[in-house]
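Everything below concerns the one structure shown next.
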Amino acid sequence: MPKRKPAQNKALNNLNPSTIAAESPSQFGDALYFPYARYVGVVGVHSSLLLFSSLFLPRTTMLFEATRPVIDPSQQTSRDRPQHPFLEDLTASPVLTIAWICLGAMVLQAWWGGSVRDWWVGFSLRGTDEERRMERVKLDRIKFTQVAKAWLFTLAASVPLHIIIVMLGAPISSHILQTYFLALLLSVLMFFTPAYTFGLPSVSSQTESLLIRLTWIRLFAEFSIRTPIERAMVYPAVGAALGSWLGAIPIALDWDRPWQAWPLTPAFGAILGYIIASMLALTVSMIQSLADEHLRSQNQKTD
């Protein structure tokens with residue numbers, strides 16, 4: 001059985017997949033493993049379910065009717081103007097609508113994050129089939145710890161996001177619950193998947209913590225993307241933030257429509273931005289893969 005290089009053994013002795021990736025980023029270009037076919041299917045299903053849940057989960061008749069509150073005029077825009085019947089349940093209580101959207105997003109992001117982490121582990125591990133299998137088993141043992149930490153980090157990140165949203169113009173003393181649910185939605189869309197995949201960023205000086213922190217900085221501060229998996233996380237996160245920001249524009253218009261109530265348009269803007277950016281990440285990764293394949297075939301012909 002061929003022996004693995006010492007550098008690879010050192011990387012695989014650390015059970016955090018982000019450390020493996022951080023120590024050997026240059027190897028990704030030569031890696032043969034990435035399930036593009038499964039990636040296309042999962043992205044399509046995930047995006048479709050995310051849009052479906054945001055539109056129809058708040059319209060769940062039995063649960064919605066049982067919890068429908070009395071409409072408070074101070075929490076609603078004018079309802080003396082007609083709107084499409086489809087929007088009635090979505091605009092009747094913005095706080096319930098955004099709460100349902102958060103719930104659906106949390107369920108779907110948990111599934112999506114698990115898929116991305118599996119791809120990352122498979123894409124990062126090196127060695128023989130037996131060695132990769134053993135390392136995957138070790139990583140699976142800490143999966144539940146990782147997902148718990150990722151959710152705690154996601155909930156914690158929603159607090160500074162809430163403050164940022166208020167600084168950008170959200171109401172300070174009113175609509176507090178609506179603003180927090182919007183911050184929670186953005187945190188779920190932006191931070192859960194990378195936190196579950198790479199690990200949590202920290203200020204610790206330990207080698208593992210340093211590598212994780214540098215990975216977060218490289219991706220979300222420098223936007224230096226090296227793999228299709230990283231692109232599948234960074235593009236949607238940026239898309240959700242931009243979509244939510246652009247979604248706030250209709251609120252300032254003087255149309256006085258029920259769907260302009262805070263924070264409906266930023267929430268749906270975040271969902272649409274996330275989905276569009278996911279499709280863009282898929283498209284860019286596929287084009288780059290085809291270009292790399294063409295370049296390899298040209299080099300083989302030259303050789």
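Ordered as shown in the structure tokens, chains take letters A, B, and onward, while each chain numbers its residues from 1 and ligands are numbered from 1 in the order shown.
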Quick one: DSSP alpha helix (DSSP H) residues in segment 40-261 of chain A, as JSON, numbers by chain?
-> {"A": [40, 41, 42, 43, 44, 45, 46, 47, 48, 49, 50, 51, 52, 53, 54, 55, 56, 61, 62, 63, 64, 65, 66, 67, 88, 89, 90, 91, 92, 94, 95, 96, 97, 98, 99, 100, 101, 102, 103, 104, 105, 106, 107, 108, 109, 110, 111, 112, 113, 114, 115, 116, 117, 118, 119, 120, 121, 122, 123, 124, 129, 130, 131, 132, 133, 134, 135, 136, 137, 138, 139, 140, 141, 143, 144, 145, 146, 147, 148, 149, 150, 151, 152, 153, 154, 155, 156, 157, 158, 159, 160, 161, 162, 163, 164, 165, 166, 167, 176, 177, 178, 179, 180, 181, 182, 183, 184, 185, 186, 187, 188, 189, 190, 191, 192, 193, 194, 195, 196, 197, 198, 207, 208, 209, 210, 211, 212, 213, 214, 215, 216, 217, 218, 219, 220, 228, 229, 230, 231, 232, 233, 234, 235, 236, 237, 238, 239, 240, 241, 242, 243, 244, 245, 246, 247]}
Spatial neighbours of segment 164-177 of chain A, max dist 8 Å, only C-alpha atoms, sep filter under 3 positions, as a compact mmCIF listing (two decimals) with C-alpha atoms, in the first residue's frame:
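Result written to part_39.txt:
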# COMPACT_ATOMS: atom_id res chain seq x y z
CA GLN A 75 -48.14 47.89 12.66
CA VAL A 95 -44.24 39.41 12.20
CA PRO A 160 -24.98 42.35 15.68
CA LEU A 161 -26.95 42.01 12.45
CA TYR A 180 -34.86 40.76 14.86
CA PHE A 181 -36.54 38.11 12.72
CA ALA A 183 -31.63 39.72 11.26
CA TRP A 262 -41.70 46.28 7.51
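Counting only C-alpha atoms and comparing A:Phe144, A:Leu184, A:Ala252, A:Ser124, the residue that lies closest to Ile163 of chain A is A:Leu184.
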Taking a cut-off of 9 Å and counting only C-alpha atoms, can you build a table that, for each residue of segment 96-202 of chain A near segment 227-233 of chain A, reports the nearest atom pair and how far apart they are in Å (one decimal), sorted by chain then residue number, as a tab-separated table?
residue	atom	partner	partner_atom	distance
A:Val116	CA	A:Ile229	CA	6.9
A:Arg117	CA	A:Ile229	CA	9.0
A:Trp119	CA	A:Ile229	CA	7.4
A:Trp120	CA	A:Ile229	CA	6.7
A:Phe123	CA	A:Ile229	CA	8.8
A:Met190	CA	A:Met233	CA	7.9
A:Phe191	CA	A:Met233	CA	8.9
A:Thr193	CA	A:Met233	CA	7.0
A:Pro194	CA	A:Met233	CA	6.6
Which is closest to Leu182 of chain A among A:Trp151, A:Trp216, A:Tyr196, A:Phe268, if we use only C-alpha atoms?
->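 Comparing A:Trp151, A:Trp216, A:Tyr196, A:Phe268 against Leu182 of chain A, the winner is A:Phe268.
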